[in-house]
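Heads up, the thing below is written out as structure tokens.
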Amino acid sequence: MQHIIDRFISYVTIDTESDPNSNTTPSTAKQWDLANKLAKELKAIGMHDVTIDDNAYIMATLPSNVDYDVPTIGFISHFDTSPDFSGANVKPQIHKNYHGGDILLNKEENIVLSPDYFEDLRLYIGQTLITTDGTTLLGADDKAGICEIVSAMEYLINNPEIKHGNIRVGFTPDEEIGRGAHKFDVEKFGADWAYTMDGSQIGELEYENFNAASAVVTIKGKIVHPGYAKGKMINSMYIAQEFINSLPRLETPEHTEGYEGFFHLHSITGDVEETTLQYIIRDHDKRHFEARKEVMQKLTNELNSQYGREVIKTEIKDQYYNMKEKVEPVMHIVDIAEEAMKQLGIEPLIKAIRGGTDGSQLSYMGLPCPNIFAGGHNFHGRYEYVPVESMVKAVEVICKIVELVATRKSI
């Protein structure tokens with residue numbers, strides 16, 4: 001277990017925050033620091049065909065150790081961290097034999113991780129937790145996944161009695177800004193299917209995710225001297241307020257769960273002359289997803305008609321789609337992961353992702369790719385943590401999956 005702790009900490013202390021405003025791949029130069037380290041580490045543990053391309057995508061192979069045909073499967077994680085919260089100068093804290101109460105992350109700033117607010121903490125009483133010091137995110141999303149994949153490959157190399165076919169691993173940049181799969185070479189990867197190790201709670205197994213789009217709403221006003229503004233000034237911020245209030249108030253992230261979709265306003269910038277609203281649109285159901293986009297466009301048209309000119313422009317771009325459509329025809333790949341968990345005494349938690357992973361885009365690129373737990377909680381913020389025991393179990397799940405694939409009579 002200490003080996004996994006040491007490896008994980010060596011990853012999270014490297015700043016790999018991605019940048020949505022950058023046009024490069026990776027979006028930040030500092031992602032190369034971990035990418036190059038990972039490529040060297042894969043070679044050091046004995047992986048074959050280790051490559052890192054001009055965009056920092058890493059691939060490697062663990063060759064088959066059986067003399068019969070076995071499907072080639074892959075395991076994928078991303079090494080960037082979210083720009084939602086700082087990933088610089090991460091100071092991990094290790095809490096052994098968690099007692100079940102509050103964890104003081106930062107005495108100076110009185111930052112407390114409490115099970116009274118984060119109830120899932122109580123699932124891990126007696127276990128070893130890794131947290132932040134309250135001033136940064138941790139980066140378990142998805143450096144826990146990378147740690148688990150590397151550790152599983154190392155274990156398989158050191159224990160050749162475990163039978164397996166060809167295994168491919170892939171590590172990507174920029175997943176947190178929606179570009180993790182954009183330049184992933186599926187043909188080069190050469191797997192029949194893969195799994196992203198990018199879920200949260202132990203036992204999670206997911207093959208459904210949101211359909212996703214972004215929307216940029218630009219409102220144009222007119223600025224004149226406020227003392228002489230009657231009948232002349234048009235305040236774009238007031239029109240923006242009309243737009244915001246006209247969308248269903250309870251169809252937002254803080255009021256939805258499960259399969260319920262939402263409109264999420266995540267940024268406002270503006271003044272009298274111009275205001276910009278940035279939304280994301282999410283829904284598991286494709287028809288509801290399309291309807292949400294139509295609602296925004298209809299509202300735009302109505303306000304333009306009300307003001308007698310184009311005061312609002314809404315640009316909507318699809319981001320990714322529900323992988324269920326691509327995974328259901330090959331459900332045996334989910335069944336294998338579920339069986340692996342059950343054999344290891346883990347209760348599978350099969351549910352829909354209220355988000356997306358590289359796997360959703362990869363599934364539409366021809367690589368069916370369900371998602372498996374990596375163990376972390378409270379991603380993208382100061383209260384992020386990961387139980388080490390969950391990471392150990394994820395390593396075991398990877399090893400069990402490859403063993404099942406190699407020993408099943410028909411797939």
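The way I read the labels, and the way they are meant: chains A, B, ... in the order of the structure tokens, residue 1 as the first residue of every chain, and ligand 1 as the first ligand shown, with later ones counted on from there.
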- Skip segment 146-162 of chain A itself and residues of its chain fewer than 6 positions away, then list as a VMD selection string all residues within 7 Å of it, counting only C-alpha atoms. chain A and resid 7 to 8 45 75 77 391 394 to 395 398 to 399 403
Filtering to N, CA, C and O atoms, could you give me those residues as a CSV table (one decimal), in the first residue's frame?
chain,number,residue,atom,x,y,z
A,7,ARG,N,3.7,6.6,-5.0
A,7,ARG,CA,3.5,6.8,-6.5
A,7,ARG,C,2.5,7.9,-6.7
A,7,ARG,O,2.7,8.9,-7.5
A,8,PHE,N,1.4,7.8,-6.0
A,8,PHE,CA,0.3,8.8,-6.1
A,8,PHE,C,0.8,10.2,-5.8
A,8,PHE,O,0.6,11.2,-6.5
A,45,ILE,N,9.3,0.2,-15.6
A,45,ILE,CA,8.6,-1.0,-15.0
A,45,ILE,C,8.6,-2.2,-16.0
A,45,ILE,O,8.2,-3.3,-15.6
A,75,PHE,N,-6.6,0.5,-21.0
A,75,PHE,CA,-7.0,1.2,-19.7
A,75,PHE,C,-6.5,2.6,-19.9
A,75,PHE,O,-5.3,2.8,-20.3
A,77,SER,N,-6.5,6.9,-18.6
A,77,SER,CA,-6.7,8.0,-17.6
A,77,SER,C,-6.1,9.3,-18.1
A,77,SER,O,-5.3,9.3,-19.1
A,391,MET,N,-8.0,2.7,-4.0
A,391,MET,CA,-7.0,2.7,-5.0
A,391,MET,C,-6.4,1.2,-5.2
A,391,MET,O,-6.2,0.7,-6.3
A,394,ALA,N,-8.9,-0.8,-6.9
A,394,ALA,CA,-9.0,-0.5,-8.4
A,394,ALA,C,-7.9,-1.2,-9.1
A,394,ALA,O,-8.1,-1.7,-10.2
A,395,VAL,N,-6.7,-1.3,-8.5
A,395,VAL,CA,-5.6,-2.1,-9.1
A,395,VAL,C,-6.0,-3.6,-9.2
A,395,VAL,O,-5.8,-4.2,-10.3
A,398,ILE,N,-8.4,-4.0,-12.2
A,398,ILE,CA,-7.8,-4.1,-13.5
A,398,ILE,C,-7.2,-5.5,-13.7
A,398,ILE,O,-7.3,-6.0,-14.8
A,399,CYS,N,-6.5,-6.0,-12.7
A,399,CYS,CA,-5.8,-7.3,-12.9
A,399,CYS,C,-6.8,-8.4,-13.1
A,399,CYS,O,-6.6,-9.3,-13.9
A,403,GLU,N,-7.5,-10.9,-16.5
A,403,GLU,CA,-7.5,-12.3,-16.3
A,403,GLU,C,-8.8,-12.9,-16.8
A,403,GLU,O,-8.7,-14.0,-17.4
- Task: Mind the document's chain letters and residue numbers, and return as a PyMOL selection string the residues of segment 20-185 of chain A that DSSP labels helix (DSSP H, G or I).
- Result: chain A and resi 31-45+119-124+140-158+175-177
What does the file look like for those residues with N, CA and C atoms, as a short mmCIF file (atom, residue, chain, number, x, y, z; two decimals), in the first residue's frame?
data_model
loop_
_atom_site.label_atom_id
_atom_site.label_comp_id
_atom_site.auth_asym_id
_atom_site.auth_seq_id
_atom_site.Cartn_x
_atom_site.Cartn_y
_atom_site.Cartn_z
N GLN A 31 1.95 20.45 -18.24
CA GLN A 31 1.49 19.07 -18.33
C GLN A 31 2.58 18.13 -18.84
N TRP A 32 3.53 18.68 -19.59
CA TRP A 32 4.64 17.87 -20.09
C TRP A 32 5.48 17.31 -18.94
N ASP A 33 5.53 18.01 -17.81
CA ASP A 33 6.36 17.57 -16.69
C ASP A 33 5.93 16.18 -16.23
N LEU A 34 4.63 15.98 -16.07
CA LEU A 34 4.15 14.67 -15.66
C LEU A 34 4.14 13.69 -16.83
N ALA A 35 3.80 14.17 -18.01
CA ALA A 35 3.77 13.29 -19.18
C ALA A 35 5.13 12.62 -19.41
N ASN A 36 6.18 13.40 -19.37
CA ASN A 36 7.52 12.84 -19.58
C ASN A 36 7.91 11.88 -18.46
N LYS A 37 7.52 12.23 -17.24
CA LYS A 37 7.79 11.33 -16.10
C LYS A 37 7.08 9.99 -16.30
N LEU A 38 5.82 10.04 -16.74
CA LEU A 38 5.06 8.81 -16.92
C LEU A 38 5.65 7.93 -18.01
N ALA A 39 6.08 8.54 -19.10
CA ALA A 39 6.68 7.76 -20.18
C ALA A 39 7.94 7.04 -19.69
N LYS A 40 8.76 7.74 -18.92
CA LYS A 40 9.97 7.12 -18.36
C LYS A 40 9.62 6.01 -17.38
N GLU A 41 8.58 6.24 -16.58
CA GLU A 41 8.19 5.25 -15.57
C GLU A 41 7.66 3.98 -16.22
N LEU A 42 6.88 4.14 -17.28
CA LEU A 42 6.35 2.97 -17.99
C LEU A 42 7.49 2.12 -18.55
N LYS A 43 8.50 2.76 -19.08
CA LYS A 43 9.67 2.02 -19.57
C LYS A 43 10.39 1.33 -18.41
N ALA A 44 10.50 2.03 -17.29
CA ALA A 44 11.25 1.50 -16.15
C ALA A 44 10.60 0.25 -15.57
N ILE A 45 9.26 0.18 -15.58
CA ILE A 45 8.61 -1.00 -15.00
C ILE A 45 8.56 -2.17 -15.98
N GLU A 119 -21.05 13.18 3.56
CA GLU A 119 -21.46 11.97 4.28
C GLU A 119 -20.69 10.73 3.84
N ASP A 120 -20.17 10.73 2.59
CA ASP A 120 -19.46 9.55 2.10
C ASP A 120 -18.22 9.24 2.92
N LEU A 121 -17.72 10.22 3.64
CA LEU A 121 -16.54 9.97 4.48
C LEU A 121 -16.76 8.79 5.43
N ARG A 122 -17.99 8.63 5.89
CA ARG A 122 -18.28 7.58 6.86
C ARG A 122 -18.13 6.17 6.27
N LEU A 123 -18.06 6.08 4.95
CA LEU A 123 -17.83 4.79 4.31
C LEU A 123 -16.42 4.28 4.55
N TYR A 124 -15.54 5.19 4.98
CA TYR A 124 -14.11 4.86 5.00
C TYR A 124 -13.50 4.92 6.40
N ALA A 140 -6.71 13.71 -7.48
CA ALA A 140 -7.08 12.30 -7.63
C ALA A 140 -7.85 12.10 -8.93
N ASP A 141 -8.48 13.12 -9.39
CA ASP A 141 -9.13 13.17 -10.71
C ASP A 141 -8.12 13.78 -11.68
N ASP A 142 -7.33 12.98 -12.39
CA ASP A 142 -7.44 11.54 -12.45
C ASP A 142 -6.08 10.88 -12.25
N LYS A 143 -5.28 11.48 -11.37
CA LYS A 143 -3.97 10.89 -11.10
C LYS A 143 -4.10 9.62 -10.27
N ALA A 144 -5.23 9.45 -9.58
CA ALA A 144 -5.50 8.17 -8.94
C ALA A 144 -5.63 7.09 -10.01
N GLY A 145 -6.35 7.40 -11.09
CA GLY A 145 -6.51 6.44 -12.17
C GLY A 145 -5.19 6.07 -12.81
N ILE A 146 -4.34 7.06 -13.03
CA ILE A 146 -3.03 6.78 -13.61
C ILE A 146 -2.21 5.90 -12.67
N CYS A 147 -2.22 6.24 -11.40
CA CYS A 147 -1.49 5.46 -10.40
C CYS A 147 -1.95 4.01 -10.40
N GLU A 148 -3.24 3.81 -10.51
CA GLU A 148 -3.80 2.45 -10.48
C GLU A 148 -3.40 1.66 -11.72
N ILE A 149 -3.43 2.31 -12.87
CA ILE A 149 -3.06 1.62 -14.11
C ILE A 149 -1.59 1.24 -14.09
N VAL A 150 -0.73 2.18 -13.74
CA VAL A 150 0.71 1.90 -13.69
C VAL A 150 1.00 0.80 -12.68
N SER A 151 0.36 0.88 -11.52
CA SER A 151 0.59 -0.11 -10.47
C SER A 151 0.09 -1.50 -10.90
N ALA A 152 -1.04 -1.54 -11.61
CA ALA A 152 -1.56 -2.82 -12.09
C ALA A 152 -0.63 -3.43 -13.13
N MET A 153 -0.12 -2.60 -14.03
CA MET A 153 0.81 -3.12 -15.04
C MET A 153 2.08 -3.65 -14.37
N GLU A 154 2.58 -2.93 -13.39
CA GLU A 154 3.77 -3.37 -12.66
C GLU A 154 3.50 -4.71 -11.96
N TYR A 155 2.33 -4.85 -11.36
CA TYR A 155 1.99 -6.09 -10.67
C TYR A 155 1.91 -7.26 -11.65
N LEU A 156 1.30 -7.03 -12.81
CA LEU A 156 1.18 -8.09 -13.80
C LEU A 156 2.54 -8.50 -14.34
N ILE A 157 3.42 -7.53 -14.53
CA ILE A 157 4.77 -7.83 -15.00
C ILE A 157 5.52 -8.68 -13.97
N ASN A 158 5.33 -8.37 -12.71
CA ASN A 158 6.03 -9.08 -11.63
C ASN A 158 5.36 -10.40 -11.26
N GLU A 175 -8.31 16.48 -20.51
CA GLU A 175 -9.66 15.93 -20.37
C GLU A 175 -10.57 16.89 -19.64
N GLU A 176 -10.02 17.61 -18.66
CA GLU A 176 -10.83 18.48 -17.83
C GLU A 176 -11.42 19.66 -18.59
N ILE A 177 -10.89 19.96 -19.76
CA ILE A 177 -11.45 21.04 -20.58
C ILE A 177 -12.12 20.47 -21.83
#
- Task: State, in Å with one decimal place, the distance from atom CA of Asn211 of chain A to atom CA of Ser363 of chain A.
- Result: 13.0 Å
- Query: So which one's closest to Ala194 of chain A, A:Tyr238, A:Lys298, A:Val405, A:Phe79? Using only C-alpha atoms, please.
  - Reply: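 Nearest candidate to Ala194 of chain A out of A:Tyr238, A:Lys298, A:Val405, A:Phe79: A:Val405.
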- Task: Considering only C-alpha atoms, state which residue in the set A:Gln2, A:Asn166, A:Asn301, A:Thr172 is at the smallest distance from Thr16 of chain A.
- Result: A:Thr172
- Message: Among segment 269-398 of chain A, which residues does DSSP mark as strand (DSSP E) when it is run on the backbone? Keep the chain and numbering as in the structure and answer as a PyMOL selection string.
- Response: chain A and resi 269-270+274-283+312-320+349-350+371-373+385-387
- Message: Let me make sure I understand: among A:Phe171, A:Asp102, A:Ala29, A:Thr131, which one has the smallest atom-to-atom distance to Tyr117 of chain A if we use only C-alpha atoms?
- Response: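 The answer is A:Asp102, which sits nearest to Tyr117 of chain A.
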- Task: May I ask for the distance between atom CA of Thr218 of chain A and atom CA of Ala240 of chain A, given in Å to one decimal place?
- Result: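 Atom-to-atom, atom CA of Thr218 of chain A and atom CA of Ala240 of chain A are spaced 8.6 Å apart.
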Would you kindly return, as a PDB file with N, CA and C atoms, in the first residue's frame, each protein, DNA or RNA residue with an atom no farther than 7 Å from any atom of Lys313 of chain A, considering only C-alpha atoms and excluding same-chain residues fewer than 6 positions away?
ATOM      1  N   VAL A 217     -23.995  33.108 -24.755  1.00  0.00           N
ATOM      2  CA  VAL A 217     -25.073  34.062 -25.020  1.00  0.00           C
ATOM      3  C   VAL A 217     -24.478  35.472 -24.920  1.00  0.00           C
ATOM      4  N   THR A 218     -24.528  36.195 -26.020  1.00  0.00           N
ATOM      5  CA  THR A 218     -23.973  37.549 -26.057  1.00  0.00           C
ATOM      6  C   THR A 218     -25.104  38.556 -26.201  1.00  0.00           C
ATOM      7  N   ILE A 219     -25.190  39.514 -25.273  1.00  0.00           N
ATOM      8  CA  ILE A 219     -26.254  40.513 -25.269  1.00  0.00           C
ATOM      9  C   ILE A 219     -25.643  41.881 -25.541  1.00  0.00           C
ATOM     10  N   THR A 300     -34.025  33.231 -27.133  1.00  0.00           N
ATOM     11  CA  THR A 300     -33.233  34.242 -27.840  1.00  0.00           C
ATOM     12  C   THR A 300     -34.082  34.957 -28.886  1.00  0.00           C
TER      13      THR A 300
END
- Message: Measuring between only C-alpha atoms, which one of A:Ile281, A:Met296, A:Leu104, A:Val169 shows the shortest distance to Thr51 of chain A?
- Response: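 Nearest candidate to Thr51 of chain A out of A:Ile281, A:Met296, A:Leu104, A:Val169: A:Val169.
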Under the rule of at most 10 Å, produce a per-residue listing of segment 129-231 of chain A near segment 248-267 of chain A: chain, number, name, the closest pair of atoms, and the distance in Å, as a Markdown table, using only C-alpha atoms.
| residue | atom | partner | partner_atom | distance |
| --- | --- | --- | --- | --- |
| A:Glu208 | CA | A:Tyr259 | CA | 9.9 |
| A:Asn209 | CA | A:Tyr259 | CA | 9.2 |
| A:Phe210 | CA | A:Gly261 | CA | 8.0 |
| A:Asn211 | CA | A:Gly261 | CA | 9.2 |
| A:Ala212 | CA | A:Gly261 | CA | 9.9 |
| A:Ala213 | CA | A:Phe263 | CA | 9.9 |
| A:Ser214 | CA | A:His264 | CA | 9.5 |
| A:Ala215 | CA | A:Leu265 | CA | 9.3 |
| A:Val216 | CA | A:Ser267 | CA | 9.7 |
- Message: I'd like the neighbourhood of Glu206 of chain A as number ranges by chain, where a residue qualifies if any of its atoms comes within 7 Å (using only C-alpha atoms), though same-chain residues fewer than 4 positions away should be ignored.
- Response: A: 350-353, 370-372
Selection to disk with all heavy atoms, as a short mmCIF file (atom, residue, chain, number, x, y, z; two decimals), in the first residue's frame:
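The result, stored in part_34.cif:
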data_model
loop_
_atom_site.label_atom_id
_atom_site.label_comp_id
_atom_site.auth_asym_id
_atom_site.auth_seq_id
_atom_site.Cartn_x
_atom_site.Cartn_y
_atom_site.Cartn_z
N ILE A 350 -23.67 0.39 -10.57
CA ILE A 350 -23.85 0.71 -11.98
C ILE A 350 -24.83 1.87 -12.09
O ILE A 350 -25.99 1.76 -11.71
CB ILE A 350 -24.35 -0.51 -12.77
CG1 ILE A 350 -23.33 -1.65 -12.65
CG2 ILE A 350 -24.58 -0.14 -14.23
CD1 ILE A 350 -23.76 -2.93 -13.30
N LYS A 351 -24.35 2.99 -12.58
CA LYS A 351 -25.19 4.18 -12.65
C LYS A 351 -24.71 5.08 -13.79
O LYS A 351 -23.65 4.85 -14.38
CB LYS A 351 -25.15 4.94 -11.33
CG LYS A 351 -23.77 5.44 -10.94
CD LYS A 351 -23.83 6.20 -9.61
CE LYS A 351 -22.49 6.81 -9.25
NZ LYS A 351 -22.54 7.58 -7.99
N ALA A 352 -25.50 6.09 -14.08
CA ALA A 352 -25.15 7.03 -15.14
C ALA A 352 -24.22 8.11 -14.58
O ALA A 352 -24.40 8.58 -13.46
CB ALA A 352 -26.41 7.67 -15.71
N ILE A 353 -23.26 8.50 -15.38
CA ILE A 353 -22.35 9.58 -15.00
C ILE A 353 -23.06 10.91 -15.18
O ILE A 353 -23.63 11.18 -16.25
CB ILE A 353 -21.08 9.59 -15.89
CG1 ILE A 353 -20.41 8.22 -15.91
CG2 ILE A 353 -20.11 10.66 -15.43
CD1 ILE A 353 -19.31 8.11 -16.94
N PRO A 370 -16.35 1.97 -21.28
CA PRO A 370 -17.01 2.25 -20.01
C PRO A 370 -16.04 2.84 -19.00
O PRO A 370 -14.82 2.84 -19.20
CB PRO A 370 -17.51 0.87 -19.56
CG PRO A 370 -17.44 0.00 -20.76
CD PRO A 370 -16.34 0.54 -21.60
N ASN A 371 -16.59 3.30 -17.89
CA ASN A 371 -15.80 3.98 -16.87
C ASN A 371 -15.84 3.21 -15.56
O ASN A 371 -16.89 2.73 -15.14
CB ASN A 371 -16.36 5.40 -16.65
CG ASN A 371 -15.46 6.25 -15.79
OD1 ASN A 371 -14.25 6.29 -15.99
ND2 ASN A 371 -16.04 6.95 -14.83
N ILE A 372 -14.68 3.09 -14.91
CA ILE A 372 -14.54 2.35 -13.65
C ILE A 372 -14.04 3.31 -12.57
O ILE A 372 -13.31 4.26 -12.85
CB ILE A 372 -13.56 1.18 -13.83
CG1 ILE A 372 -14.15 0.13 -14.79
CG2 ILE A 372 -13.21 0.52 -12.50
CD1 ILE A 372 -13.19 -0.99 -15.14
#
- Given only C-alpha atoms as the counted atoms, nearest of A:Thr72, A:Ser114, A:Thr276, A:Ser82 to Thr28 of chain A: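 Once distances to Thr28 of chain A are computed over only C-alpha atoms, the minimum belongs to A:Ser82.
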- If you measure from atom CA of Glu187 of chain A to atom CA of Ile401 of chain A, what distance in Å do you get, rounded to one decimal?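 A separation of 22.3 Å between them.
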